[in-house]
Amino acid sequence: MLVPISWLKEYVDINLPIDALAERITLAGLEVAAVKRVGDWWDADTLVVGQVIAVKDHPEADRLVLVDVEHGEAEPQQVVTGAPNLFQYKGQSVAAGTLPVLKVAFARQGAVLVDAYSDERPRPFKKLKPAKIRGIRSSGMVCSELELGLSEEHEGILLLPLDAPPGLPLRDYLGDDVVEIELTPDMARCLSMSGVAREVHALTGAALHLPADDCQPRGDDSAADYVAVEIADPSLCNRYTATLIRDVTVGPSPLWMQERLRKAGMRPISNIVDITNYVMLETGQPLHAFDYDLLAARAQASGAAKPRVIVRSAHPGEKMTTLDGQARQLDGSMLLITDTAGPLAIAGVMGGAETEVHDGTRHILLEAATFEGINNRRTSQKLKLHSEASHRFTRGVPATLNDVAARRAAELMRLYAGGRIVPGIVDAYPAPQAETTVYTSAGDVRRLLGMDLTRGQIASALEKLDFRVKEVPMPPTDAPTNAVLGLYRADDEPVLAATVPWHRLDIAMPADLTEEVARIVGYDKVGVTLLDTALPPQRRNEVLEAEEKLRDILIACGLQDTIGYALTTPENHRKLLATNGSTPDPKFIELANPLSMDRRVMRRDLMVSALENLAYNSRYTDRQALFEIGRVYRPENGDGTLPQEDRRVCIALTGSRQPVNYHSSDSDKDSFDFFDLKGVVETLVSRMGIEAGALRFAAHPDSASFGPRCALVSIGERSLGILGELHPKVRTAFGLGDERVCVAELHIGPLVRPSWQLSNMPAISVYQPVREDLAFAVDEEVTVRRVRDAIVAGGGDLLVDVELFDIYRGAPLPVGQKSLAWRVAYQSAERNLAEKEVNNLRVKIVKAVEEATGGVLRG
């Protein structure tokens with residue numbers, strides 16, 4: 001919000017220096033981002049107000065004129081210009097009584113101006129020097145807005161208001177301070193000069209004088225004779241007013257109004273449009289002006305006696321062209337302003353081109369309404385159409401303001417467009433704005449702020465903000481829940497009942513009142529206090545510690561930590577089931593008000609986020625080794641009110657096993673596979689302090705998301721998760737191409753080990769181990785895990801290492817059998833093992849394998 005101080009002073013007497021004012025309102029929640037000083041670089045001696053006293057023909061050029069300018073010195077100065085807004089007065093002069101009063105920004109010789117003809121950005125400055133233009137000497141210049149650094153406008157010269165005194169330094173007349181305020185959504189009341197003025201009044205005690213709420217209608221007719229209004233859905237539009245102004249003349253708005261609009265960041269267009277924008281910036285109420293004759297013609301064509309404005313939702317497939325010339329496709333969720341012939345405007349967003357005000361417009365229908373904020377924001381987002389009006393409606397516009405702003409705009413159109421205000425306002429108001437009362441107490445303020453304020457001080461602070469405050473023994477029993485939500489009363493103390501002013505839509509509960517008190521007293525006055533109770537005992541967060549350790553381990557494995565969106569779509573979850581189209585859709589936690597249709601449900605699987613990240617990043621890199629630690633949300637496993645939020649870790653690998661560079665060999669370019677992922681999982685489990693023997697993998701070839709290389713992983717009897725190579729159909733569904741993708745999704749719960757449970761370090765033996773190789777012939781369906789478990793069981797405590805180093809199929813083994821070759825090591829911490837002991841261990845191992853798997857030791 002840009003706030004020109006000269007404009008703000010019209011509504012409140014500012015009694016502080018600008019820097020002090022900026023600090024005060026910043027400490028009250030209106031953050032001042034910058035203070036722009038308009039004209040601070042203008043030289044007082046060379047840039048002054050001038051008055052054109054004659055416009056004469058240039059003897060050598062048809063498109064140039066000679067302009068005599070009076071600028072506070074003894075003699076006027078002649079300059080050459082081709083400005084079209086002066087060229088039209090060629091041959092006229094003040095002396096002859098034919099030239100109207102024209103005040104301009106005049107640059108004397110030596111003035112420093114913005115170079116309007118430079119291609120550099122930002123534009124450089126230049127010093128004005130005398131020059132001959134088509135044979136005529138010109139030592140000064142009448143300036144455009146661009147040359148003064150006010151805007152990019154360079155078509156004509158800047159014309160000043162009639163009260164500008166010739167010779168006055170331009171910076172004394174036109175210079176200004178413009179404060180840029182960054183507002184949070186709850187400060188929407190300050191999206192207007194009046195709102196900022198109320199804040200300055202409350203914070204500084206300066207006198208407030210807002211524009212009077214009056215206008216001067218004339219005539220025996222009534223607005224209801226010309227138009228009717230109907231609201232189809234009061235929940236989306238609780239008030240719509242229509243005001244009629246007849247016999248206007250469309251033309252330029254007053255120069256002072258144009259200047260204020262420019263400083264506030266808006267481009268002047270015409271008196272009618274400028275007045276609607278001016279009143280919006282003044283009051284905070286967006287307005288829209290329709291050409292009434294065009295509305296009447298549409299009504300006549302549809303057989304109606306007069307226009308009927310209907311506020312309704314769009315029909316499916318309905319279209320309209322907005323003021324920016326764009327054809328808009330509408331849907332049933334969008335609120336429209338229509339008549340019996342069709343759409344006129346997108347409610348609270350932008351008007352339609354068919355009823356736009358133009359130079360020939362004679363009669364105006366002025367709209368002032370209040371539209372529901374959430375629906376307005378969704379419409380604006382769907383159409384990718386943001387406007388000053390939608391910016392305000394999405395944050396809330398009080399319905400009480402509608403007719404106030406309409407009367408103000410109508411009066412300005414009477415004054416500056418020559419219009420006649422038709423008596424009365426057509427006012428459809430099916431859901432009047434309710435008056436709200438909220439309760440607070442000195443104890444509640446003390447609890448939240450740590451400040452000892454009396455009820456009188458609290459009431460005084462609130463009254464500065466237009467609250468009506470009275471003391472009552474206690475809140476009434478029928479008070480709305482929000483009005484007393486969280487209210488604390490010490491020893492049945494009296495409470496303050498604060499009636500909220502109509503322009504404050506952000507006050508609903510006691511904490512809101514406490515915030516207002518803090519703003520008025522000053523956040524800088526809130527002192528530092530200590531807790532008045534003992535600190536709770538510090539307990540370790542074992543899950544958090546485990547997650548941090550997981551993160552460190554995976555990063556050490558060469559993986560990159562990622563943070564994915566917890567919001568996704570049901571469609572992306574269905575992609576995980578690409579190999580099983582008959583699976584019913586799972587349940588989701590759906591957002592009631594999603595910002596995007598791509599982020600409308602909570603994820604059920606971390607794998608979805610990982611594959612979304614892989615697909616997005618595949619545009620930039622071929623190799624990805626990522627992991628994410630986060631929550632998944634499953635409603636069917638919750639307590640009926642809240643979903644189960646399971647903490648998980650997901651690992652995803654794709655691309656070459658090693659980062660490729662010019663030193664890389666062909667083997668380095670091999671892609672990640674199932675065993676790389678399995679190795680990462682084994683390392684992770686081992687580094688978490690869990691015994692390797694507890695980790696188990698079981699083939700799971702029937703997964704809907706993975707190919708045949710897939711395994712369920714567990715720790716003892718507890719399920720840990722799943723890992724495998726993604727099925728090609730799932731890869732294709734996510735747009736991941738032909739490159740192999742390996743994914744694991746693991747529960748964090750089984751990996752959590754309290755850090756105080758230290759593991760005993762096994763003794764380091766000083767005796768040499770005995771190593772030997774054992775090869776067992778087993779049936780094809782026997783897994784490696786079964787054989788290894790049998791070897792470990794048979795070897796007992798003296799078996800210290802087991803490693804599979806070969807799998808063989810072929811002669812002399814019969815079809816249906818394979819050979820698994822193991823390297824085993826025996827070792828004692830107390831002695832060297834004798835040959836007899838080793839032989840006994842081997843016999844036990846062979847017997848255990850034979851009993852468990854039917855395997856036979858190969859000789």
# chains A, B, ... in the order shown; residues from 1 in each chain; ligands from 1
call {"tool": "select_by_dssp", "arguments": {"residues": "stretch 5-233 of chain A", "states": "helix (DSSP H, G or I)", "output": "VMD selection string"}}
result
chain A and resid 5 to 8 18 to 27 84 to 87 170 to 173 185 to 190 193 to 204 223 to 225
call {"tool": "write_last_selection", "arguments": {"atoms": "N, CA and C atoms", "output": "short mmCIF file (atom, residue, chain, number, x, y, z; two decimals), in the first residue's frame"}}
result
data_model
loop_
_atom_site.label_atom_id
_atom_site.label_comp_id
_atom_site.auth_asym_id
_atom_site.auth_seq_id
_atom_site.Cartn_x
_atom_site.Cartn_y
_atom_site.Cartn_z
N ILE A 5 1.91 11.12 1.80
CA ILE A 5 1.68 11.83 3.06
C ILE A 5 0.81 13.07 2.84
N SER A 6 0.99 13.73 1.68
CA SER A 6 0.18 14.91 1.42
C SER A 6 -1.31 14.56 1.35
N TRP A 7 -1.62 13.40 0.84
CA TRP A 7 -3.02 12.93 0.78
C TRP A 7 -3.50 12.53 2.17
N LEU A 8 -2.64 11.82 2.91
CA LEU A 8 -3.03 11.36 4.25
C LEU A 8 -3.32 12.55 5.16
N ILE A 18 8.28 12.39 9.55
CA ILE A 18 7.91 11.19 8.79
C ILE A 18 8.64 9.96 9.30
N ASP A 19 9.93 10.06 9.61
CA ASP A 19 10.68 8.90 10.09
C ASP A 19 10.13 8.40 11.43
N ALA A 20 9.75 9.34 12.31
CA ALA A 20 9.18 8.94 13.60
C ALA A 20 7.82 8.30 13.41
N LEU A 21 7.03 8.85 12.48
CA LEU A 21 5.72 8.26 12.20
C LEU A 21 5.88 6.85 11.65
N ALA A 22 6.83 6.66 10.74
CA ALA A 22 7.06 5.34 10.16
C ALA A 22 7.45 4.33 11.23
N GLU A 23 8.27 4.76 12.18
CA GLU A 23 8.67 3.84 13.26
C GLU A 23 7.49 3.50 14.16
N ARG A 24 6.66 4.51 14.44
CA ARG A 24 5.52 4.28 15.35
C ARG A 24 4.53 3.31 14.75
N ILE A 25 4.17 3.49 13.47
CA ILE A 25 3.18 2.59 12.90
C ILE A 25 3.78 1.22 12.62
N THR A 26 5.09 1.14 12.39
CA THR A 26 5.73 -0.17 12.23
C THR A 26 5.65 -0.96 13.52
N LEU A 27 5.89 -0.30 14.65
CA LEU A 27 5.81 -0.98 15.94
C LEU A 27 4.38 -1.37 16.29
N PRO A 84 1.96 17.34 -27.49
CA PRO A 84 0.62 17.43 -28.10
C PRO A 84 -0.39 18.17 -27.24
N ASN A 85 -0.25 18.09 -25.89
CA ASN A 85 -1.23 18.78 -25.05
C ASN A 85 -0.97 20.28 -24.96
N LEU A 86 0.13 20.78 -25.56
CA LEU A 86 0.32 22.22 -25.75
C LEU A 86 0.11 22.62 -27.21
N PHE A 87 0.42 21.71 -28.11
CA PHE A 87 0.29 21.99 -29.54
C PHE A 87 -1.14 22.39 -29.90
N LEU A 170 9.66 23.61 -7.62
CA LEU A 170 8.76 22.49 -7.90
C LEU A 170 8.71 21.51 -6.73
N ARG A 171 9.85 21.34 -6.05
CA ARG A 171 9.84 20.37 -4.96
C ARG A 171 9.03 20.87 -3.76
N ASP A 172 8.86 22.22 -3.65
CA ASP A 172 8.02 22.74 -2.57
C ASP A 172 6.55 22.56 -2.88
N TYR A 173 6.22 22.49 -4.18
CA TYR A 173 4.81 22.35 -4.54
C TYR A 173 4.43 20.88 -4.80
N PRO A 185 -2.63 -9.99 5.93
CA PRO A 185 -4.06 -10.07 5.57
C PRO A 185 -5.01 -9.56 6.65
N ASP A 186 -4.63 -9.67 7.93
CA ASP A 186 -5.53 -9.21 8.98
C ASP A 186 -5.54 -7.69 9.11
N MET A 187 -4.67 -6.99 8.38
CA MET A 187 -4.64 -5.54 8.42
C MET A 187 -5.30 -4.94 7.19
N ALA A 188 -6.26 -5.65 6.61
CA ALA A 188 -6.90 -5.19 5.37
C ALA A 188 -7.60 -3.85 5.54
N ARG A 189 -7.96 -3.51 6.77
CA ARG A 189 -8.61 -2.22 6.99
C ARG A 189 -7.71 -1.05 6.61
N CYS A 190 -6.42 -1.30 6.52
CA CYS A 190 -5.47 -0.24 6.17
C CYS A 190 -5.15 -0.21 4.68
N MET A 193 -6.76 5.06 2.59
CA MET A 193 -6.26 6.23 3.31
C MET A 193 -7.02 6.42 4.62
N SER A 194 -8.31 6.19 4.59
CA SER A 194 -9.10 6.35 5.81
C SER A 194 -8.64 5.36 6.88
N GLY A 195 -8.36 4.13 6.46
CA GLY A 195 -7.91 3.13 7.43
C GLY A 195 -6.58 3.49 8.04
N VAL A 196 -5.64 3.95 7.22
CA VAL A 196 -4.34 4.38 7.76
C VAL A 196 -4.52 5.60 8.65
N ALA A 197 -5.41 6.52 8.24
CA ALA A 197 -5.65 7.71 9.06
C ALA A 197 -6.19 7.33 10.43
N ARG A 198 -7.11 6.35 10.49
CA ARG A 198 -7.64 5.91 11.79
C ARG A 198 -6.51 5.36 12.66
N GLU A 199 -5.59 4.61 12.05
CA GLU A 199 -4.47 4.06 12.82
C GLU A 199 -3.58 5.18 13.35
N VAL A 200 -3.24 6.14 12.50
CA VAL A 200 -2.38 7.25 12.93
C VAL A 200 -3.07 8.03 14.05
N HIS A 201 -4.37 8.25 13.91
CA HIS A 201 -5.13 8.94 14.96
C HIS A 201 -5.04 8.18 16.29
N ALA A 202 -5.23 6.87 16.25
CA ALA A 202 -5.21 6.07 17.47
C ALA A 202 -3.82 6.01 18.08
N LEU A 203 -2.79 5.96 17.25
CA LEU A 203 -1.42 5.76 17.74
C LEU A 203 -0.77 7.06 18.20
N THR A 204 -1.16 8.17 17.61
CA THR A 204 -0.47 9.44 17.92
C THR A 204 -1.38 10.46 18.59
N ALA A 223 -33.72 6.05 -8.22
CA ALA A 223 -32.85 5.02 -8.80
C ALA A 223 -33.62 3.75 -9.09
N ALA A 224 -34.62 3.44 -8.27
CA ALA A 224 -35.42 2.22 -8.49
C ALA A 224 -36.21 2.28 -9.78
N ASP A 225 -36.41 3.49 -10.35
CA ASP A 225 -37.11 3.60 -11.64
C ASP A 225 -36.24 3.09 -12.79
#
call {"tool": "residues_around", "arguments": {"residues": "A:Pro643", "least_positions_apart": "6", "cutoff": "12 Å", "atoms": "only C-alpha atoms", "output": "number ranges by chain"}}
result
A: 587-590, 602-604, 631-637
call {"tool": "write_last_selection", "arguments": {"atoms": "all heavy atoms", "output": "CSV table (one decimal), in the first residue's frame"}}
result
chain,number,residue,atom,x,y,z
A,587,LYS,N,-8.4,-44.0,0.9
A,587,LYS,CA,-9.0,-42.8,1.5
A,587,LYS,C,-7.9,-41.8,1.7
A,587,LYS,O,-6.7,-42.1,1.9
A,587,LYS,CB,-9.6,-43.2,2.9
A,587,LYS,CG,-10.8,-44.1,2.8
A,587,LYS,CD,-11.3,-44.4,4.2
A,587,LYS,CE,-12.5,-45.3,4.2
A,587,LYS,NZ,-13.0,-45.6,5.6
A,588,PHE,N,-8.3,-40.5,1.6
A,588,PHE,CA,-7.3,-39.4,1.8
A,588,PHE,C,-7.9,-38.4,2.8
A,588,PHE,O,-9.1,-38.3,3.0
A,588,PHE,CB,-7.1,-38.7,0.4
A,588,PHE,CG,-6.4,-39.6,-0.6
A,588,PHE,CD1,-7.2,-40.3,-1.6
A,588,PHE,CD2,-5.0,-39.7,-0.6
A,588,PHE,CE1,-6.5,-41.0,-2.5
A,588,PHE,CE2,-4.4,-40.4,-1.6
A,588,PHE,CZ,-5.1,-41.1,-2.5
A,589,ILE,N,-6.9,-37.7,3.3
A,589,ILE,CA,-7.3,-36.4,4.1
A,589,ILE,C,-7.3,-35.3,3.0
A,589,ILE,O,-6.3,-34.9,2.5
A,589,ILE,CB,-6.2,-36.1,5.1
A,589,ILE,CG1,-6.1,-37.3,6.1
A,589,ILE,CG2,-6.6,-34.8,5.9
A,589,ILE,CD1,-7.4,-37.5,6.9
A,590,GLU,N,-8.5,-34.8,2.8
A,590,GLU,CA,-8.7,-33.8,1.7
A,590,GLU,C,-8.7,-32.4,2.4
A,590,GLU,O,-9.3,-32.2,3.5
A,590,GLU,CB,-10.0,-34.0,1.0
A,590,GLU,CG,-10.0,-35.3,0.2
A,590,GLU,CD,-11.2,-35.5,-0.6
A,590,GLU,OE1,-11.9,-34.5,-0.8
A,590,GLU,OE2,-11.5,-36.6,-1.1
A,602,MET,N,-3.6,-34.9,1.5
A,602,MET,CA,-2.4,-35.3,2.2
A,602,MET,C,-1.8,-36.6,1.7
A,602,MET,O,-2.6,-37.5,1.4
A,602,MET,CB,-2.6,-35.4,3.7
A,602,MET,CG,-3.3,-34.2,4.4
A,602,MET,SD,-2.3,-32.7,4.4
A,602,MET,CE,-1.2,-33.1,5.7
A,603,ARG,N,-0.5,-36.7,1.6
A,603,ARG,CA,0.0,-37.9,1.0
A,603,ARG,C,-0.2,-39.1,2.0
A,603,ARG,O,-0.1,-39.0,3.2
A,603,ARG,CB,1.5,-37.7,0.8
A,603,ARG,CG,2.4,-37.5,2.0
A,603,ARG,CD,3.8,-37.1,1.7
A,603,ARG,NE,4.5,-36.8,2.9
A,603,ARG,CZ,5.7,-36.2,2.9
A,603,ARG,NH1,6.2,-35.7,1.7
A,603,ARG,NH2,6.3,-35.9,4.0
A,604,ARG,N,-0.4,-40.3,1.4
A,604,ARG,CA,-0.5,-41.5,2.1
A,604,ARG,C,0.8,-42.3,2.1
A,604,ARG,O,1.1,-43.1,3.0
A,604,ARG,CB,-1.6,-42.4,1.5
A,604,ARG,CG,-3.0,-42.0,1.6
A,604,ARG,CD,-3.9,-42.9,0.9
A,604,ARG,NE,-3.7,-44.3,1.3
A,604,ARG,CZ,-4.3,-44.9,2.3
A,604,ARG,NH1,-5.2,-44.2,3.0
A,604,ARG,NH2,-4.0,-46.1,2.6
A,631,ARG,N,6.3,-37.4,7.3
A,631,ARG,CA,5.1,-38.1,7.8
A,631,ARG,C,4.2,-38.5,6.6
A,631,ARG,O,4.2,-37.8,5.5
A,631,ARG,CB,4.2,-37.2,8.7
A,631,ARG,CG,4.8,-36.9,10.1
A,631,ARG,CD,3.8,-36.1,10.9
A,631,ARG,NE,4.2,-36.0,12.3
A,631,ARG,CZ,4.9,-35.0,12.8
A,631,ARG,NH1,5.2,-34.0,12.0
A,631,ARG,NH2,5.2,-34.9,14.0
A,632,VAL,N,3.4,-39.5,6.8
A,632,VAL,CA,2.3,-39.9,5.9
A,632,VAL,C,1.0,-39.9,6.7
A,632,VAL,O,1.1,-40.0,7.9
A,632,VAL,CB,2.5,-41.3,5.2
A,632,VAL,CG1,3.8,-41.2,4.4
A,632,VAL,CG2,2.6,-42.4,6.2
A,633,TYR,N,-0.1,-39.7,6.0
A,633,TYR,CA,-1.4,-39.5,6.7
A,633,TYR,C,-2.4,-40.4,6.2
A,633,TYR,O,-2.8,-40.4,5.0
A,633,TYR,CB,-1.8,-38.0,6.4
A,633,TYR,CG,-0.8,-37.0,6.8
A,633,TYR,CD1,0.2,-36.7,5.9
A,633,TYR,CD2,-0.7,-36.4,8.1
A,633,TYR,CE1,1.2,-35.7,6.2
A,633,TYR,CE2,0.3,-35.5,8.4
A,633,TYR,CZ,1.2,-35.2,7.5
A,633,TYR,OH,2.2,-34.3,7.8
A,634,ARG,N,-2.8,-41.3,7.1
A,634,ARG,CA,-3.8,-42.4,6.7
A,634,ARG,C,-5.0,-42.3,7.6
A,634,ARG,O,-4.9,-42.7,8.8
A,634,ARG,CB,-3.1,-43.7,6.8
A,634,ARG,CG,-1.9,-43.9,5.8
A,634,ARG,CD,-1.5,-45.3,5.6
A,634,ARG,NE,-0.6,-45.4,4.4
A,634,ARG,CZ,-0.4,-46.5,3.8
A,634,ARG,NH1,-1.0,-47.6,4.2
A,634,ARG,NH2,0.5,-46.5,2.8
A,635,PRO,N,-6.2,-41.9,7.1
A,635,PRO,CA,-7.3,-41.7,7.9
A,635,PRO,C,-7.9,-43.0,8.5
A,635,PRO,O,-8.4,-43.1,9.6
A,635,PRO,CB,-8.3,-41.0,7.0
A,635,PRO,CG,-7.9,-41.4,5.6
A,635,PRO,CD,-6.4,-41.5,5.7
A,636,GLU,N,-7.8,-44.1,7.7
A,636,GLU,CA,-8.4,-45.4,8.2
A,636,GLU,C,-7.7,-46.0,9.4
A,636,GLU,O,-8.2,-46.8,10.1
A,636,GLU,CB,-8.4,-46.4,7.0
A,636,GLU,CG,-7.0,-46.9,6.6
A,636,GLU,CD,-6.4,-46.1,5.6
A,636,GLU,OE1,-6.8,-44.9,5.4
A,636,GLU,OE2,-5.4,-46.6,4.9
A,637,ASN,N,-6.4,-45.5,9.6
A,637,ASN,CA,-5.7,-46.1,10.8
A,637,ASN,C,-5.7,-45.1,12.0
A,637,ASN,O,-5.0,-45.4,13.0
A,637,ASN,CB,-4.2,-46.3,10.4
A,637,ASN,CG,-4.1,-47.4,9.3
A,637,ASN,OD1,-5.0,-48.2,9.2
A,637,ASN,ND2,-3.1,-47.3,8.5
call {"tool": "closest_residue", "arguments": {"among": "A:Ile272, A:Leu323, A:Asp427, A:Pro286", "to": "A:Val309", "atoms": "only C-alpha atoms"}}
result
A:Asp427
call {"tool": "select_by_dssp", "arguments": {"residues": "stretch 389-569 of chain A", "states": "strand (DSSP E or B)", "output": "short mmCIF file (atom, residue, chain, number, x, y, z; two decimals) with C-alpha atoms, in the first residue's frame"}}
result
data_model
loop_
_atom_site.label_atom_id
_atom_site.label_comp_id
_atom_site.auth_asym_id
_atom_site.auth_seq_id
_atom_site.Cartn_x
_atom_site.Cartn_y
_atom_site.Cartn_z
CA ARG A 420 -26.90 14.53 -11.74
CA ILE A 421 -27.23 12.10 -8.83
CA VAL A 426 -31.17 0.45 -5.00
CA ASP A 427 -29.95 -1.63 -2.05
CA ALA A 428 -30.23 -5.43 -1.90
CA THR A 437 -19.22 -7.75 21.03
CA VAL A 438 -16.07 -9.40 22.41
CA TYR A 439 -15.02 -9.69 26.06
CA THR A 440 -11.70 -9.22 27.81
CA ARG A 468 -17.41 1.06 22.47
CA VAL A 469 -16.37 -0.34 25.85
CA LYS A 470 -18.32 -0.89 29.04
CA GLU A 471 -17.63 -2.83 32.22
CA VAL A 472 -19.90 -5.77 33.07
CA VAL A 495 -14.87 -7.95 32.36
CA LEU A 496 -14.92 -5.36 29.59
CA ALA A 497 -17.49 -5.76 26.82
CA ALA A 498 -16.04 -4.20 23.64
CA THR A 499 -18.41 -3.55 20.74
CA GLN A 560 20.96 -35.88 -0.63
CA ASP A 561 18.38 -34.79 1.93
CA LEU A 567 0.25 -32.29 -0.20
CA THR A 568 -0.32 -34.08 -3.47
#
call {"tool": "residues_around", "arguments": {"residues": "stretch 349-357 of chain A", "least_positions_apart": "2", "cutoff": "9 Å", "atoms": "only C-alpha atoms", "output": "MDAnalysis selection string"}}
result
chainID A and resid 250 272:273 288:295 320:325 337 343:347 359:361 364 376:377 379:380 385:391 393
call {"tool": "closest_residue", "arguments": {"among": "A:Ser714, A:Gln285, A:Gln658, A:Asn617", "to": "A:His503", "atoms": "only C-alpha atoms"}}
result
A:Gln285
call {"tool": "closest_residue", "arguments": {"among": "A:Ala546, A:Leu799, A:Leu64, A:Val248", "to": "A:Tyr416", "atoms": "only C-alpha atoms"}}
result
A:Val248
call {"tool": "atom_distance", "arguments": {"atom1": "atom CA of A:Pro494", "atom2": "atom CA of A:Met509"}}
result
17.1 Å
call {"tool": "atom_distance", "arguments": {"atom1": "atom CA of A:Arg823", "atom2": "atom CA of A:Ala775"}}
result
8.8 Å
call {"tool": "closest_residue", "arguments": {"among": "A:Ala459, A:Ala578, A:Leu505, A:Met597", "to": "A:Gln381", "atoms": "only C-alpha atoms"}}
result
A:Met597
call {"tool": "closest_residue", "arguments": {"among": "A:Asn271, A:Ser609, A:Asn760, A:Ser656", "to": "A:Arg414", "atoms": "only C-alpha atoms"}}
result
A:Asn271
call {"tool": "residues_around", "arguments": {"residues": "A:Ser118", "least_positions_apart": "6", "cutoff": "12 Å", "atoms": "only C-alpha atoms", "output": "list in words"}}
result
Pro124, Phe125, Lys126, Leu146 and Glu147 of chain A
call {"tool": "residues_around", "arguments": {"residues": "A:Glu70", "least_positions_apart": "4", "cutoff": "7 Å", "atoms": "only C-alpha atoms", "output": "compact mmCIF listing (two decimals) with N, CA, C and O atoms, in the first residue's frame"}}
result
# COMPACT_ATOMS: atom_id res chain seq x y z
N GLY A 50 5.85 26.95 -13.64
CA GLY A 50 5.73 27.96 -14.68
C GLY A 50 4.31 28.07 -15.17
O GLY A 50 3.49 27.15 -14.98
N GLN A 51 4.00 29.23 -15.81
CA GLN A 51 2.69 29.41 -16.43
C GLN A 51 2.87 29.77 -17.90
O GLN A 51 3.62 30.68 -18.24
N VAL A 52 2.17 29.02 -18.76
CA VAL A 52 2.22 29.30 -20.19
C VAL A 52 1.37 30.53 -20.47
O VAL A 52 0.18 30.57 -20.11
N ILE A 53 2.00 31.54 -21.12
CA ILE A 53 1.24 32.76 -21.42
C ILE A 53 0.99 32.92 -22.92
O ILE A 53 0.17 33.74 -23.32
N PRO A 76 9.44 36.57 -19.24
CA PRO A 76 9.13 35.17 -19.57
C PRO A 76 10.21 34.59 -20.48
O PRO A 76 10.97 35.33 -21.11
N GLN A 77 10.27 33.28 -20.54
CA GLN A 77 11.28 32.60 -21.36
C GLN A 77 10.59 31.79 -22.43
O GLN A 77 9.56 31.15 -22.18
N PRO A 166 3.47 30.48 -10.01
CA PRO A 166 4.67 30.53 -10.86
C PRO A 166 5.90 30.99 -10.07
O PRO A 166 5.81 31.90 -9.24
call {"tool": "residues_around", "arguments": {"residues": "A:Phe697", "least_positions_apart": "6", "cutoff": "8 Å", "atoms": "only C-alpha atoms", "output": "ChimeraX atom specification"}}
result
/A:711-714,785
call {"tool": "closest_atom_pairs", "arguments": {"of": "stretch 199-269 of chain A", "to": "stretch 149-165 of chain A", "cutoff": "8 Å", "atoms": "only C-alpha atoms", "output": "CSV"}}
result
residue,atom,partner,partner_atom,distance
A:Pro254,CA,A:Pro161,CA,7.8
A:Leu255,CA,A:Pro161,CA,5.4
A:Trp256,CA,A:Pro161,CA,6.1
A:Arg262,CA,A:Ser151,CA,7.9
call {"tool": "write_last_selection", "arguments": {"atoms": "N, CA, C and O atoms", "output": "short mmCIF file (atom, residue, chain, number, x, y, z; two decimals), in the first residue's frame"}}
result
data_model
loop_
_atom_site.label_atom_id
_atom_site.label_comp_id
_atom_site.auth_asym_id
_atom_site.auth_seq_id
_atom_site.Cartn_x
_atom_site.Cartn_y
_atom_site.Cartn_z
N PRO A 254 -9.59 15.82 -12.43
CA PRO A 254 -8.82 16.97 -11.96
C PRO A 254 -7.34 16.62 -11.79
O PRO A 254 -7.00 15.48 -11.43
N LEU A 255 -6.48 17.58 -12.02
CA LEU A 255 -5.04 17.32 -11.97
C LEU A 255 -4.62 16.86 -10.58
O LEU A 255 -3.75 16.00 -10.45
N TRP A 256 -5.23 17.43 -9.51
CA TRP A 256 -4.85 17.00 -8.16
C TRP A 256 -5.19 15.53 -7.93
O TRP A 256 -4.46 14.81 -7.25
N ARG A 262 -1.35 8.78 -9.15
CA ARG A 262 0.00 8.38 -9.60
C ARG A 262 0.89 8.05 -8.40
O ARG A 262 1.60 7.05 -8.40
#
call {"tool": "atom_distance", "arguments": {"atom1": "atom CA of A:Arg447", "atom2": "atom CA of A:Gly205"}}
result
27.5 Å
call {"tool": "closest_residue", "arguments": {"among": "A:Leu677, A:Met607, A:Ile807, A:Val528", "to": "A:Leu559", "atoms": "only C-alpha atoms"}}
result
A:Leu677
call {"tool": "residues_around", "arguments": {"residues": "stretch 106-109 of chain A", "least_positions_apart": "2", "cutoff": "7 Å", "atoms": "only C-alpha atoms", "output": "ChimeraX atom specification"}}
result
/A:46-50,104,111,128-130,139-143
